[in-house]
Amino acid sequence: MNPKGKVFIITGASSGIGAELALQLSKKGAYVVCAARTIENLESICRKINRDGNHSFAIQADITDKTQCDKIVKVAIEKYNKIDALVLNAGISMWAKFDEVEDIGFFKTIMETNYMGSVYCVHSALPFLKNSKGKIISCSTAQAIMGFPNHSGYVASKHALHGFLSTIRMENKSDITILEAVLGWIKGTNLRNNSFKYDGKKQSGSTRKHTKEAIPLSLCVRTIITSIEKDLDTVYVPKKLSLIPFLKLFFRSFLERKVTEAIDKNKLV
Ligand SMILES: NC(=O)c1ccc[n+]([C@@H]2O[C@H](COP(=O)([O-])OP(=O)(O)OC[C@H]3O[C@@H](n4cnc5c(N)ncnc54)[C@H](OP(=O)(O)O)[C@@H]3O)[C@@H](O)[C@H]2O)c1
């Protein structure tokens with residue numbers, strides 16, 4: 001799909017990957033509908049895009065509420081008359097070993113955001129995506145394929161999303177395409193600071209450093225956009241993550257040992 005002239009809805013466009021996608025896609029001539037809860041951030045990103053002569057608008061929405069997902073789609077149609085692509089990017093994470101979790105309530109928040117929020121958006125947008133022979137893009141994680149210590153609720157939500165989208169792909173094969181972006185650690189986003197810790201509070205101000213292998217935000221987003229342009233169905237960022245399904249199938253104990261050792265030595269945080 002060539003982004004030029006296409007209408008993209010991007011959830012979670014107020015920071016990180018979503019905001020960078022909005023900026024880079026608009027430079028390629030896309031019309032971007034930027035949704036999230038923090039309207040000030042959305043408006044500042046859209047101001048920047050529109051000031052450069054490109055096209056965007058901000059819509060405040062909490063995707064855990066179906067009526068607000070309907071509103072995103074309704075407003076996009078009123079403004080641009082079509083929807084070509086839906087980017088399921090809004091998400092929230094965690095960092096806690098399951099047996100140390102004191103307030104389990106945040107598992108529900110993660111599921112309602114990462115999984116149900118995406119399901120709601122697809123439900124609202126699908127008829128329009130079918131009309132335009134459009135595309136769904138999901139920002140997922142390699143952790144969803146293999147499991148990952150300290151992320152049980154997050155991994156489960158992204159694993160559920162993968163199962164959902166695999167089915168949507170089969171049911172709508174002749175009408176829409178789907179790109180799943182399977183991401184590793186990406187630098188320069190708010191995911192870590194907004195993630196839940198064992199007591200259900202956000203771990204704002206985390207001092208944990210990213211691994212040396214973490215990917216810069218702009219490179220990650222460029223790779224996702226190239227994959228949209230090439231109509232790929234999966235992209236791994238970085239590329240070596242594409243080994244994970246193979247390793248999981250044939251060398252599962254090795255893979256689990258390596259990840260656990262890296263976490264214990266604080267190399268993979
Ligand atoms: N960063 C990484 O290393 C990494 C790796 C793999 C996958 N991913 C995935 O990439 C996606 C983007 O993450 P990021 O790293 O860019 O994190 P981020 O900077 O924290 O961005 C998350 C976005 O989601 C929005 N959001 C959260 N809850 C929402 C809700 N209920 N309704 C609407 N919007 C909501 C946030 O906006 P508001 O708070 O303003 O609503 C924010 O714009 C996530 O799905 C994440 O799982 C990230």
# chains A, B, ... in the order shown; residues from 1 in each chain; ligands from 1
>>> residues_around(residues="Ala58 (chain A)", least_positions_apart="2", cutoff="12 Å", atoms="only C-alpha atoms", output="number ranges by chain")
A: 9-14, 19, 22, 31-50, 55-56, 60-61, 72, 75-76, 79
>>> residues_around(residues="region 187-204 of chain A", least_positions_apart="4", cutoff="8 Å", atoms="only C-alpha atoms", output="PyMOL selection string")
chain A and resi 15-17+91-97+100-106+210+214-217
>>> residues_around(residues="Thr223 (chain A)", least_positions_apart="5", cutoff="12 Å", atoms="only C-alpha atoms", output="ChimeraX atom specification")
/A:17,20-21,24-25,179,181-183,215-218,228-230,232,234-239
>>> write_last_selection(atoms="N, CA and C atoms", output="PDB file, in the first residue's frame")
ATOM      1  N   ILE A  17       5.741   5.195  19.380  1.00  0.00           N
ATOM      2  CA  ILE A  17       5.635   4.639  18.027  1.00  0.00           C
ATOM      3  C   ILE A  17       4.462   5.268  17.265  1.00  0.00           C
ATOM      4  N   GLU A  20       5.295   8.840  16.134  1.00  0.00           N
ATOM      5  CA  GLU A  20       6.300   8.811  15.055  1.00  0.00           C
ATOM      6  C   GLU A  20       5.681   8.284  13.754  1.00  0.00           C
ATOM      7  N   LEU A  21       4.788   7.314  13.880  1.00  0.00           N
ATOM      8  CA  LEU A  21       4.085   6.813  12.679  1.00  0.00           C
ATOM      9  C   LEU A  21       3.279   7.943  12.042  1.00  0.00           C
ATOM     10  N   GLN A  24       5.771  10.341  10.272  1.00  0.00           N
ATOM     11  CA  GLN A  24       6.405   9.795   9.054  1.00  0.00           C
ATOM     12  C   GLN A  24       5.372   9.483   7.964  1.00  0.00           C
ATOM     13  N   LEU A  25       4.209   8.963   8.355  1.00  0.00           N
ATOM     14  CA  LEU A  25       3.188   8.652   7.332  1.00  0.00           C
ATOM     15  C   LEU A  25       2.669   9.928   6.683  1.00  0.00           C
ATOM     16  N   LEU A 179      -0.918  -6.449   8.536  1.00  0.00           N
ATOM     17  CA  LEU A 179       0.522  -6.492   8.838  1.00  0.00           C
ATOM     18  C   LEU A 179       0.687  -6.569  10.355  1.00  0.00           C
ATOM     19  N   ALA A 181       3.424  -6.212  13.125  1.00  0.00           N
ATOM     20  CA  ALA A 181       4.799  -5.781  13.397  1.00  0.00           C
ATOM     21  C   ALA A 181       5.215  -6.416  14.725  1.00  0.00           C
ATOM     22  N   VAL A 182       6.183  -7.323  14.636  1.00  0.00           N
ATOM     23  CA  VAL A 182       6.654  -8.046  15.827  1.00  0.00           C
ATOM     24  C   VAL A 182       7.923  -7.335  16.300  1.00  0.00           C
ATOM     25  N   LEU A 183       7.770  -6.562  17.368  1.00  0.00           N
ATOM     26  CA  LEU A 183       8.846  -5.647  17.767  1.00  0.00           C
ATOM     27  C   LEU A 183       9.633  -6.163  18.964  1.00  0.00           C
ATOM     28  N   ILE A 215      16.216  -0.732  19.591  1.00  0.00           N
ATOM     29  CA  ILE A 215      16.152  -0.093  18.256  1.00  0.00           C
ATOM     30  C   ILE A 215      15.659   1.358  18.398  1.00  0.00           C
ATOM     31  N   PRO A 216      16.314   2.309  17.712  1.00  0.00           N
ATOM     32  CA  PRO A 216      15.808   3.693  17.747  1.00  0.00           C
ATOM     33  C   PRO A 216      14.399   3.782  17.146  1.00  0.00           C
ATOM     34  N   LEU A 217      13.602   4.654  17.758  1.00  0.00           N
ATOM     35  CA  LEU A 217      12.203   4.821  17.360  1.00  0.00           C
ATOM     36  C   LEU A 217      12.030   5.104  15.861  1.00  0.00           C
ATOM     37  N   SER A 218      12.838   6.040  15.336  1.00  0.00           N
ATOM     38  CA  SER A 218      12.618   6.444  13.937  1.00  0.00           C
ATOM     39  C   SER A 218      12.926   5.273  12.987  1.00  0.00           C
ATOM     40  N   ILE A 228       4.555  -1.766   5.219  1.00  0.00           N
ATOM     41  CA  ILE A 228       3.216  -1.397   4.717  1.00  0.00           C
ATOM     42  C   ILE A 228       3.294  -1.236   3.194  1.00  0.00           C
ATOM     43  N   GLU A 229       4.331  -0.536   2.750  1.00  0.00           N
ATOM     44  CA  GLU A 229       4.479  -0.274   1.310  1.00  0.00           C
ATOM     45  C   GLU A 229       4.663  -1.572   0.521  1.00  0.00           C
ATOM     46  N   LYS A 230       5.338  -2.549   1.155  1.00  0.00           N
ATOM     47  CA  LYS A 230       5.596  -3.814   0.453  1.00  0.00           C
ATOM     48  C   LYS A 230       4.481  -4.836   0.672  1.00  0.00           C
ATOM     49  N   LEU A 232       3.753  -6.581   3.282  1.00  0.00           N
ATOM     50  CA  LEU A 232       4.175  -7.781   4.021  1.00  0.00           C
ATOM     51  C   LEU A 232       3.075  -8.161   5.018  1.00  0.00           C
ATOM     52  N   THR A 234       3.992  -9.916   7.919  1.00  0.00           N
ATOM     53  CA  THR A 234       4.672  -9.852   9.228  1.00  0.00           C
ATOM     54  C   THR A 234       6.008  -9.144   9.024  1.00  0.00           C
ATOM     55  N   VAL A 235       6.378  -8.294   9.997  1.00  0.00           N
ATOM     56  CA  VAL A 235       7.736  -7.740   9.967  1.00  0.00           C
ATOM     57  C   VAL A 235       8.309  -7.876  11.372  1.00  0.00           C
ATOM     58  N   TYR A 236       9.579  -8.302  11.433  1.00  0.00           N
ATOM     59  CA  TYR A 236      10.273  -8.437  12.714  1.00  0.00           C
ATOM     60  C   TYR A 236      11.274  -7.293  12.836  1.00  0.00           C
ATOM     61  N   VAL A 237      11.224  -6.567  13.946  1.00  0.00           N
ATOM     62  CA  VAL A 237      12.152  -5.451  14.169  1.00  0.00           C
ATOM     63  C   VAL A 237      12.819  -5.643  15.536  1.00  0.00           C
ATOM     64  N   PRO A 238      14.112  -5.996  15.626  1.00  0.00           N
ATOM     65  CA  PRO A 238      15.028  -6.233  14.526  1.00  0.00           C
ATOM     66  C   PRO A 238      14.767  -7.583  13.853  1.00  0.00           C
ATOM     67  N   LYS A 239      15.399  -7.740  12.681  1.00  0.00           N
ATOM     68  CA  LYS A 239      15.140  -8.884  11.806  1.00  0.00           C
ATOM     69  C   LYS A 239      15.422 -10.228  12.488  1.00  0.00           C
TER      70      LYS A 239
END
>>> residues_around(residues="Gly134 (chain A)", least_positions_apart="4", cutoff="10 Å", atoms="only C-alpha atoms", output="tab-separated table (two decimals) with C-alpha atoms, in the first residue's frame")
chain	number	residue	atom	x	y	z
A	1	MET	CA	0.00	0.00	0.00
A	6	LYS	CA	-4.58	7.10	2.14
A	7	VAL	CA	-6.46	7.71	5.38
A	8	PHE	CA	-4.82	6.12	8.42
A	82	LYS	CA	-12.97	6.80	3.82
A	83	ILE	CA	-10.58	4.73	5.96
A	84	ASP	CA	-7.71	2.90	4.26
A	85	ALA	CA	-5.74	1.70	7.25
A	86	LEU	CA	-6.19	1.12	10.97
A	126	LEU	CA	-13.94	-3.15	9.37
A	127	PRO	CA	-16.86	-2.26	7.05
A	128	PHE	CA	-14.95	0.83	5.86
A	129	LEU	CA	-11.67	-1.09	5.52
A	130	LYS	CA	-13.47	-3.69	3.40
A	175	ASP	CA	-11.06	-7.67	1.22
A	176	ILE	CA	-8.31	-6.55	3.57
A	177	THR	CA	-4.65	-7.19	4.35
A	178	ILE	CA	-3.01	-7.35	7.76
>>> select_by_dssp(residues="region 21-225 of chain A", states="helix (DSSP H, G or I)", output="PyMOL selection string")
chain A and resi 21-27+39-51+66-80+98-100+105-131+143-146+152-171+217-225
